[in-house]
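Next up, model.txt (compact mmCIF, C-alpha atoms):
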# COMPACT_ATOMS: atom_id res chain seq x y z
CA MET J 201 19.53 70.51 14.13
CA SER J 202 20.98 72.08 17.30
CA GLU J 203 24.31 73.86 17.40
CA GLU J 204 25.63 71.14 19.74
CA THR J 205 24.84 68.38 17.20
CA GLN J 206 26.47 70.33 14.39
CA ASP J 207 29.72 70.47 16.38
CA ILE J 208 30.05 66.68 16.37
CA ILE J 209 32.31 65.54 13.54
CA THR J 210 31.09 62.07 12.63
CA PRO J 211 33.17 59.77 10.41
CA GLU J 212 30.62 60.27 7.64
CA LEU J 213 30.84 64.06 7.93
CA ARG J 214 34.64 63.93 7.99
CA ALA J 215 34.66 61.81 4.81
CA GLU J 216 32.45 64.46 3.18
CA LEU J 217 34.78 67.23 4.36
CA VAL J 218 37.83 65.42 2.96
CA ALA J 219 36.09 64.78 -0.35
CA TYR J 220 35.05 68.44 -0.41
CA LEU J 221 38.67 69.53 0.05
CA ASP J 222 39.73 67.09 -2.67
CA GLY J 223 37.15 68.43 -5.12
CA GLU J 224 35.39 65.11 -5.36
CA LEU J 225 31.83 66.20 -4.51
CA SER J 226 28.99 67.01 -6.85
CA GLU J 227 27.58 70.53 -6.96
CA SER J 228 24.72 69.71 -4.60
CA GLU J 229 27.00 67.87 -2.17
CA THR J 230 29.41 70.84 -2.19
CA GLN J 231 26.62 73.25 -1.32
CA ARG J 232 25.46 71.02 1.54
CA VAL J 233 28.97 70.90 3.03
CA GLU J 234 29.40 74.66 2.71
CA GLN J 235 26.11 75.23 4.51
CA THR J 236 27.26 72.95 7.30
CA MET J 237 30.53 74.84 7.55
CA ALA J 238 28.69 78.13 7.72
CA LYS J 239 26.68 76.96 10.72
CA SER J 240 29.48 75.39 12.78
CA ALA J 241 32.77 76.79 14.01
CA ALA J 242 33.89 73.28 14.91
CA VAL J 243 33.34 72.08 11.34
CA ARG J 244 35.21 75.07 9.97
CA ARG J 245 38.08 74.35 12.36
CA GLU J 246 38.10 70.69 11.27
CA VAL J 247 38.29 71.71 7.61
CA GLN J 248 41.15 74.07 8.40
CA LEU J 249 43.09 71.35 10.22
CA LEU J 250 42.43 68.75 7.53
CA ALA J 251 43.61 71.14 4.82
CA GLY J 252 46.63 72.31 6.78
CA SER J 253 47.87 68.84 7.70
CA PHE J 254 47.45 67.76 4.10
CA GLU J 255 49.54 70.69 2.92
CA LEU J 256 52.33 69.70 5.31
CA LEU J 257 52.91 66.63 3.12
CA GLY J 258 54.58 69.11 0.82
CA THR J 259 57.50 69.29 3.26
CA LEU J 260 58.40 65.67 2.52
CA PRO J 261 61.73 65.40 0.70
CA ARG J 262 61.71 65.08 -3.06
CA VAL J 263 63.43 61.85 -3.96
CA THR J 264 64.96 61.13 -7.32
CA ALA J 265 66.55 58.13 -8.96
CA SER J 266 70.26 57.56 -8.46
CA ALA J 267 72.59 58.40 -11.34
CA GLU J 268 72.98 54.79 -12.46
CA PHE J 269 69.34 53.74 -12.05
CA THR J 270 68.22 54.28 -15.65
CA ALA J 271 71.21 52.49 -17.17
CA CYS J 272 70.94 49.64 -14.70
CA THR J 273 67.21 49.21 -15.33
CA LEU J 274 67.61 49.24 -19.11
CA ALA J 275 70.48 46.75 -18.87
CA THR J 276 68.32 44.43 -16.77
CA VAL J 277 65.53 44.74 -19.30
CA GLN J 278 67.99 44.04 -22.12
CA ILE J 279 69.05 40.79 -20.46
CA GLU J 280 65.39 39.84 -20.33
CA HIS J 281 65.09 40.72 -24.02
CA VAL J 282 68.09 38.54 -24.98
CA ASP J 283 66.71 35.68 -22.97
CA ASP J 284 63.35 36.05 -24.70
CA ALA J 285 65.07 36.08 -28.10
CA SER J 286 66.88 32.77 -27.53
CA PRO J 287 66.15 30.17 -30.33
CA GLU J 288 65.58 27.53 -27.69
CA PRO J 289 61.86 26.83 -27.36
CA ARG J 290 60.44 28.03 -24.06
CA TRP J 291 59.31 24.54 -23.08
CA ARG J 292 62.84 23.20 -23.33
CA ARG J 293 64.27 25.39 -20.62
CA PRO J 294 62.37 23.90 -17.71
CA ALA J 295 62.72 20.43 -19.26
CA ARG J 296 66.46 20.93 -19.57
CA ARG J 297 66.73 22.12 -15.99
CA GLY J 298 64.70 19.16 -14.80
CA ALA J 299 66.85 16.71 -16.66
CA ALA J 300 70.01 18.25 -15.23
CA ALA J 301 68.59 18.01 -11.72
CA LEU J 302 67.68 14.36 -12.23
CA GLY J 303 71.17 13.69 -13.55
CA TRP J 304 72.74 15.18 -10.43
CA VAL J 305 70.48 13.13 -8.17
CA ALA J 306 71.31 9.92 -10.05
CA ALA J 307 75.06 10.60 -9.99
CA LEU J 308 75.02 11.28 -6.26
CA GLY J 309 73.02 8.13 -5.64
CA ILE J 310 75.38 5.95 -7.67
CA ALA J 311 78.44 7.47 -6.01
CA SER J 312 76.95 6.85 -2.57
CA MET J 313 76.23 3.21 -3.38
CA VAL J 314 79.72 2.61 -4.79
CA GLY J 315 81.28 4.15 -1.74
CA PHE J 316 79.15 2.15 0.67
CA TYR J 317 79.66 -1.27 -0.91
CA GLY J 318 83.28 -0.60 -1.76
CA ALA J 319 84.15 0.24 1.80
CA ARG J 320 82.31 -2.81 3.10
CA GLU J 321 83.81 -5.47 0.74
CA THR J 322 87.39 -4.34 0.22
CA PRO J 323 89.70 -4.53 3.28
CA SER J 324 92.80 -2.40 3.13
CA ALA J 325 96.33 -3.76 2.57
CA ALA J 326 97.37 -2.57 6.00
CA SER J 327 94.51 -4.52 7.62
CA ASN J 328 95.52 -7.65 5.67
CA GLY J 329 99.06 -7.51 7.04
CA LEU J 330 97.88 -7.17 10.63
CA ILE J 331 95.48 -10.09 10.29
CA ARG J 332 98.26 -12.32 8.87
CA ASP J 333 100.77 -11.41 11.59
CA LEU J 334 98.31 -11.64 14.49
CA PRO J 335 99.82 -14.86 16.03
CA VAL J 336 103.22 -13.19 16.17
CA ILE J 337 101.86 -9.91 17.46
CA GLN J 338 100.04 -11.64 20.28
CA ASP J 339 103.39 -13.16 21.56
CA LEU J 340 105.65 -10.31 20.49
CA ASP J 341 107.00 -9.70 23.99
CA MET J 342 108.22 -13.26 24.20
CA TYR J 343 109.76 -13.27 20.70
CA THR J 344 111.79 -10.13 21.37
CA GLU J 345 113.71 -12.11 24.09
CA VAL J 346 114.89 -14.72 21.52
CA ASP J 347 118.10 -13.94 19.59
CA SER J 348 117.48 -16.22 16.60
CA ILE J 349 115.71 -19.26 15.24
CA GLU J 350 118.94 -21.33 15.56
CA PHE J 351 118.99 -20.60 19.29
CA LEU J 352 115.41 -21.91 19.59
CA ARG J 353 116.42 -25.11 17.74
CA GLU J 354 119.40 -25.61 20.01
CA LEU J 355 117.13 -25.27 23.04
CA GLN J 356 114.72 -27.76 21.61
CA SER J 357 117.45 -30.32 20.90
CA SER J 358 119.03 -29.90 24.31
CA GLU J 359 117.83 -31.85 27.28
CA LEU J 360 117.26 -28.78 29.44
CA PHE J 361 113.50 -28.85 29.01
CA ASP J 362 113.07 -32.59 28.71
CA GLU J 363 110.09 -33.52 30.96
CA THR J 364 110.01 -37.22 30.37
CA PRO J 365 110.71 -39.00 33.57
CA MET M 137 53.89 52.54 -24.45
CA LEU M 138 52.30 51.37 -27.68
CA ARG M 139 55.62 51.89 -29.45
CA ALA M 140 57.40 50.02 -26.69
CA GLY M 141 54.93 47.18 -27.17
CA GLU M 142 55.98 47.01 -30.81
CA GLY M 143 59.60 46.57 -29.83
CA ASP M 144 60.77 50.19 -29.77
CA GLU M 145 63.49 50.08 -27.09
CA ASP M 146 64.00 53.85 -27.16
CA ALA M 147 60.32 54.38 -26.40
CA PHE M 148 60.62 52.11 -23.38
CA ALA M 149 63.72 54.00 -22.22
CA GLN M 150 61.74 57.25 -22.42
CA LEU M 151 59.02 55.76 -20.24
CA VAL M 152 61.60 54.75 -17.66
CA GLU M 153 63.09 58.23 -17.58
CA ALA M 154 59.67 59.89 -17.41
CA TYR M 155 58.33 57.87 -14.50
CA GLN M 156 61.33 56.66 -12.49
CA ASP M 157 61.54 59.66 -10.14
CA ARG M 158 57.80 59.67 -9.49
CA LEU M 159 57.71 55.96 -8.72
CA ILE M 160 60.84 56.06 -6.58
CA GLY M 161 59.36 59.00 -4.66
CA ILE M 162 56.16 57.08 -3.94
CA PHE M 163 58.01 53.95 -2.85
CA TYR M 164 60.55 55.89 -0.81
CA HIS M 165 57.73 57.36 1.26
CA MET M 166 56.09 53.94 1.42
CA LEU M 167 59.15 51.98 2.48
CA GLY M 168 61.44 54.58 4.03
CA ASP M 169 64.55 53.37 2.19
CA HIS M 170 65.94 54.70 -1.09
CA GLY M 171 67.74 51.50 -2.12
CA THR M 172 64.71 49.31 -1.51
CA ALA M 173 62.53 51.79 -3.38
CA GLU M 174 64.84 51.65 -6.41
CA ASP M 175 64.86 47.83 -6.34
CA LEU M 176 61.08 47.78 -6.30
CA VAL M 177 60.76 50.33 -9.09
CA GLN M 178 63.21 48.37 -11.21
CA ASP M 179 61.02 45.30 -10.65
CA VAL M 180 57.99 47.35 -11.72
CA PHE M 181 59.67 48.39 -14.97
CA LEU M 182 60.66 44.79 -15.63
CA ARG M 183 57.02 43.75 -15.23
CA VAL M 184 55.96 46.56 -17.54
CA TYR M 185 58.49 45.37 -20.11
CA ARG M 186 57.27 41.78 -19.90
CA ALA M 187 53.67 42.94 -20.35
CA ARG M 188 54.44 45.48 -23.08
CA ASP M 189 52.81 43.54 -25.89
CA ARG M 190 49.64 43.03 -23.82
CA TYR M 191 49.08 46.72 -23.00
CA GLU M 192 45.69 48.00 -24.12
CA PRO M 193 45.18 51.78 -24.26
CA THR M 194 41.73 51.56 -22.69
CA ALA M 195 42.82 53.55 -19.63
CA LYS M 196 45.52 56.05 -18.81
CA PHE M 197 49.01 54.59 -18.94
CA SER M 198 49.80 56.07 -15.51
CA THR M 199 46.84 54.22 -13.97
CA TRP M 200 48.06 50.95 -15.52
CA LEU M 201 51.63 51.63 -14.39
CA TYR M 202 50.67 52.45 -10.82
CA ARG M 203 48.42 49.42 -10.70
CA ILE M 204 51.49 47.27 -11.41
CA ALA M 205 53.39 49.27 -8.80
CA ASN M 206 50.64 48.77 -6.22
CA ASN M 207 50.64 45.03 -6.92
CA ALA M 208 54.40 44.94 -6.41
CA ALA M 209 53.98 46.77 -3.11
CA SER M 210 51.21 44.32 -2.15
CA ASN M 211 53.57 41.41 -2.82
CA ILE M 212 56.03 42.91 -0.39
CA ARG M 213 53.24 43.26 2.17
CA ARG M 214 52.30 39.59 1.74
CA SER M 215 55.91 38.44 1.93
CA LYS M 216 56.18 40.14 5.30
CA GLY M 217 53.53 37.73 6.52
CA ARG M 218 52.72 38.15 10.17
CA ARG M 219 55.87 40.08 10.92
CA LYS M 220 55.16 43.43 12.46
CA GLU M 221 55.34 46.25 9.97
CA VAL M 222 58.31 48.54 10.26
CA THR M 223 57.03 52.05 10.57
CA PHE M 224 59.17 55.01 11.25
CA HIS M 225 58.24 57.20 14.13
CA ALA M 226 60.02 60.50 14.42
CA ASN M 227 60.08 60.63 18.21
CA ASP M 228 60.28 56.96 19.16
CA SER M 229 63.65 55.27 18.87
CA GLY M 230 62.97 52.92 21.79
CA PRO M 231 65.90 51.19 23.47
CA MET M 232 68.06 51.51 20.39
CA GLU M 233 70.27 54.45 19.62
CA SER M 234 68.52 57.56 18.45
CA ARG M 235 67.46 57.44 14.83
CA PRO M 236 69.61 59.16 12.24
CA GLN M 237 67.02 61.90 11.86
CA GLU M 238 67.03 62.62 15.59
CA ARG M 239 70.81 62.65 15.72
CA LEU M 240 70.88 65.03 12.79
CA LEU M 241 68.51 67.34 14.60
CA ALA M 242 70.65 67.27 17.74
CA GLU M 243 73.90 67.90 15.89
CA LYS M 244 72.62 70.67 13.72
CA SER M 245 70.49 72.50 16.23
CA ALA M 246 73.32 74.66 17.51
CA LEU M 247 74.26 75.79 14.01
CA MET M 248 70.99 76.27 12.21
CA PRO M 249 68.80 79.31 12.21
CA THR M 250 65.63 78.75 14.20
CA ARG M 251 63.42 78.87 11.11
CA GLN M 252 65.44 76.16 9.32
CA LEU M 253 65.49 74.01 12.43
CA ALA M 254 61.74 74.27 12.72
CA SER M 255 61.39 73.27 9.06
CA ASN M 256 63.53 70.16 9.57
CA GLU M 257 61.60 69.27 12.69
CA VAL M 258 58.30 69.57 10.85
CA ARG M 259 59.60 67.40 8.03
CA THR M 260 60.64 64.73 10.52
CA VAL M 261 57.28 64.89 12.26
CA VAL M 262 55.43 64.64 8.94
CA GLN M 263 57.51 61.64 7.90
CA GLY M 264 56.78 60.04 11.23
CA ALA M 265 53.05 60.74 10.93
CA LEU M 266 53.03 59.21 7.44
CA GLY M 267 54.80 56.16 8.81
CA THR M 268 52.01 55.50 11.30
CA LEU M 269 49.43 55.04 8.53
CA SER M 270 48.60 51.62 7.19
CA GLU M 271 50.28 50.83 3.87
CA ARG M 272 46.98 51.08 1.98
CA GLN M 273 46.23 54.46 3.55
CA ARG M 274 49.74 55.63 2.78
CA MET M 275 49.59 54.50 -0.84
CA ALA M 276 46.21 56.15 -1.42
CA LEU M 277 47.38 59.37 0.19
CA LEU M 278 50.64 59.50 -1.79
CA LEU M 279 48.86 58.78 -5.08
CA HIS M 280 46.42 61.57 -4.36
CA ARG M 281 48.94 64.10 -3.04
CA PHE M 282 51.92 63.54 -5.36
CA GLU M 283 50.35 62.06 -8.47
CA GLY M 284 47.20 64.16 -8.33
CA MET M 285 45.07 61.09 -8.86
CA SER M 286 41.32 61.38 -8.56
CA TYR M 287 39.38 59.01 -6.34
CA ASP M 288 38.33 57.09 -9.44
CA ASP M 289 41.94 56.67 -10.58
CA ILE M 290 43.04 55.64 -7.10
CA GLY M 291 40.26 53.07 -7.07
CA ALA M 292 41.34 51.71 -10.46
CA THR M 293 44.96 51.59 -9.31
CA MET M 294 44.32 49.90 -5.99
CA GLY M 295 41.34 47.78 -7.00
CA LEU M 296 38.95 49.62 -4.66
CA SER M 297 35.45 51.01 -5.02
CA LEU M 298 34.83 54.75 -4.85
CA PRO M 299 33.30 54.58 -1.33
CA ALA M 300 36.27 52.47 -0.19
CA VAL M 301 38.73 55.07 -1.50
CA LYS M 302 36.74 57.84 0.16
CA SER M 303 36.79 56.00 3.49
CA LEU M 304 40.47 55.10 3.20
CA LEU M 305 41.51 58.68 2.51
CA SER M 306 39.24 60.05 5.22
CA ARG M 307 40.82 57.81 7.86
CA ALA M 308 44.31 58.66 6.60
CA ARG M 309 43.61 62.39 6.69
CA GLU M 310 42.11 62.13 10.18
CA SER M 311 45.26 60.37 11.45
CA LEU M 312 47.42 63.05 9.90
CA ARG M 313 45.26 65.79 11.33
CA ILE M 314 45.59 64.40 14.84
CA LYS M 315 49.38 64.08 14.65
CA LEU M 316 50.10 67.31 12.79
CA GLU M 317 47.59 69.65 14.46
CA PRO M 318 50.31 71.38 16.53
CA TYR M 319 52.17 72.25 13.34
CA VAL M 320 49.25 73.61 11.34
CA GLU M 321 49.38 77.39 11.34
Can you dump the structure from the file as structure tokens?
Amino acid sequence: MSEETQDIITPELRAELVAYLDGELSESETQRVEQTMAKSAAVRREVQLLAGSFELLGTLPRVTASAEFTACTLATVQIEHVDDASPEPRWRRPARRGAAALGWVAALGIASMVGFYGARETPSAASNGLIRDLPVIQDLDMYTEVDSIEFLRELQSSELFDETP
Amino acid sequence: MLRAGEGDEDAFAQLVEAYQDRLIGIFYHMLGDHGTAEDLVQDVFLRVYRARDRYEPTAKFSTWLYRIANNAASNIRRSKGRRKEVTFHANDSGPMESRPQERLLAEKSALMPTRQLASNEVRTVVQGALGTLSERQRMALLLHRFEGMSYDDIGATMGLSLPAVKSLLSRARESLRIKLEPYVE
């Protein structure tokens, strides 16, 4: 193999170099990689850069749990434990929830129907009064000119509006 | 964990205290937000609690625990759907205001010694480089770097074959190498 070929870092070679750095190669594989490194400055440089960049991960901040995390987690788990310890059989919980949901749907449906038919069939008291007084309302302007019923009777009995020839 | 499976609440509390910081650290670097990381870790412990009586000591507890954690992280990935992933880039705040990390750098630069400023800058760049990895690459890398997991353990945790883990880590390390080369001494 020529020096020029050895300087090409193929994906397969890089995977071997990474596994070598991670201590994941067998004895024979380790020797092969070390021989390759010995023959190529480019490979040695690649190993140095791979190792160095990996070490820089050590600069990442160390993160710890907040002060209340443990207590909060154990409390959450405890709620789960209490729920699990309930005497109610497990199958009843979803059945109970389903029945409650059906009850809500039925109640809403009945209320909607009552409201719809009730509004349609039952006129209001105010509407009743207006319907009864409609003949008067239609001629209200004229009736406001008349002082009283007696006056109308006097007019009727008088001969002022007699049209008989 | 076996004692927790038998109903020993104190044993479960000890597990929480032993692993909470490690899990929160992993998820913080996965998600970029401390509050979200804590919510997810709490969900993980709840799942562990629910499964406590089904735990079989056929593998390391940590592998089992991180498998649950990886599944929880996968659920978040799926719930994101086709929305673009939010990744944090140290030097790209776009049209928005500069990111808190960049503002911090600007405000503190006049006060800090050069060495400390360089350290903060490197940390920001490393966080940004990590944020450009896919979530699977990031998870594999964090499990390897901070949990010291072998390729086999990573494969068991993430449901991947050994060659798949090797390829995943190789691509992740190559991406890091490209972005962090200027900072490698």
Quiz prompt | Interface residues on chain M facing chain J, 8 Å, only C-alpha atoms, written as a PyMOL selection string | solution = chain M and resi 149+152-153+156-158+160-161+164+174+178+181-182+185+258-259+262-263+281+286-287+302-303+305-307+309-310+312-313+316-317+319-321
Practice problem: Could you tell me how far atom CA of M:Met137 lies from atom CA of M:Leu277, in Å and to one decimal? | Solution: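 Here the two named atoms are 26.4 Å from each other.
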Exercise. Calculate how many Å separate atom CA of M:Thr194 from atom CA of M:Ala147, rounding to one decimal.
Key: 19.2 Å
Quiz item: So what do you get for atom CA of M:Arg272 versus atom CA of J:Ile209, distance-wise?
Solution: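 Atom-to-atom, atom CA of M:Arg272 and atom CA of J:Ile209 are spaced 23.6 Å apart.
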Quiz item: Pick the closest to M:Ile204 from M:Asp189, M:Asp144, M:Asp179, M:Asp169: which is it, counting only C-alpha atoms?
Solution: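 For M:Ile204, the nearest of the given residues is M:Asp179.
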Quiz prompt | Residue neighbourhood M:Leu159, 8 Å, all atoms listed in the file, exclusion window fewer than 4 positions, as a ChimeraX atom specification | solution = /M:155,163,177,205
Quiz item: So, counting all atoms listed in the file, which residue among M:Arg139, M:His280, M:Met285, M:Arg274 is closest to M:Glu192?
Solution: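 That would be M:Arg139, the residue with the smallest distance to M:Glu192.
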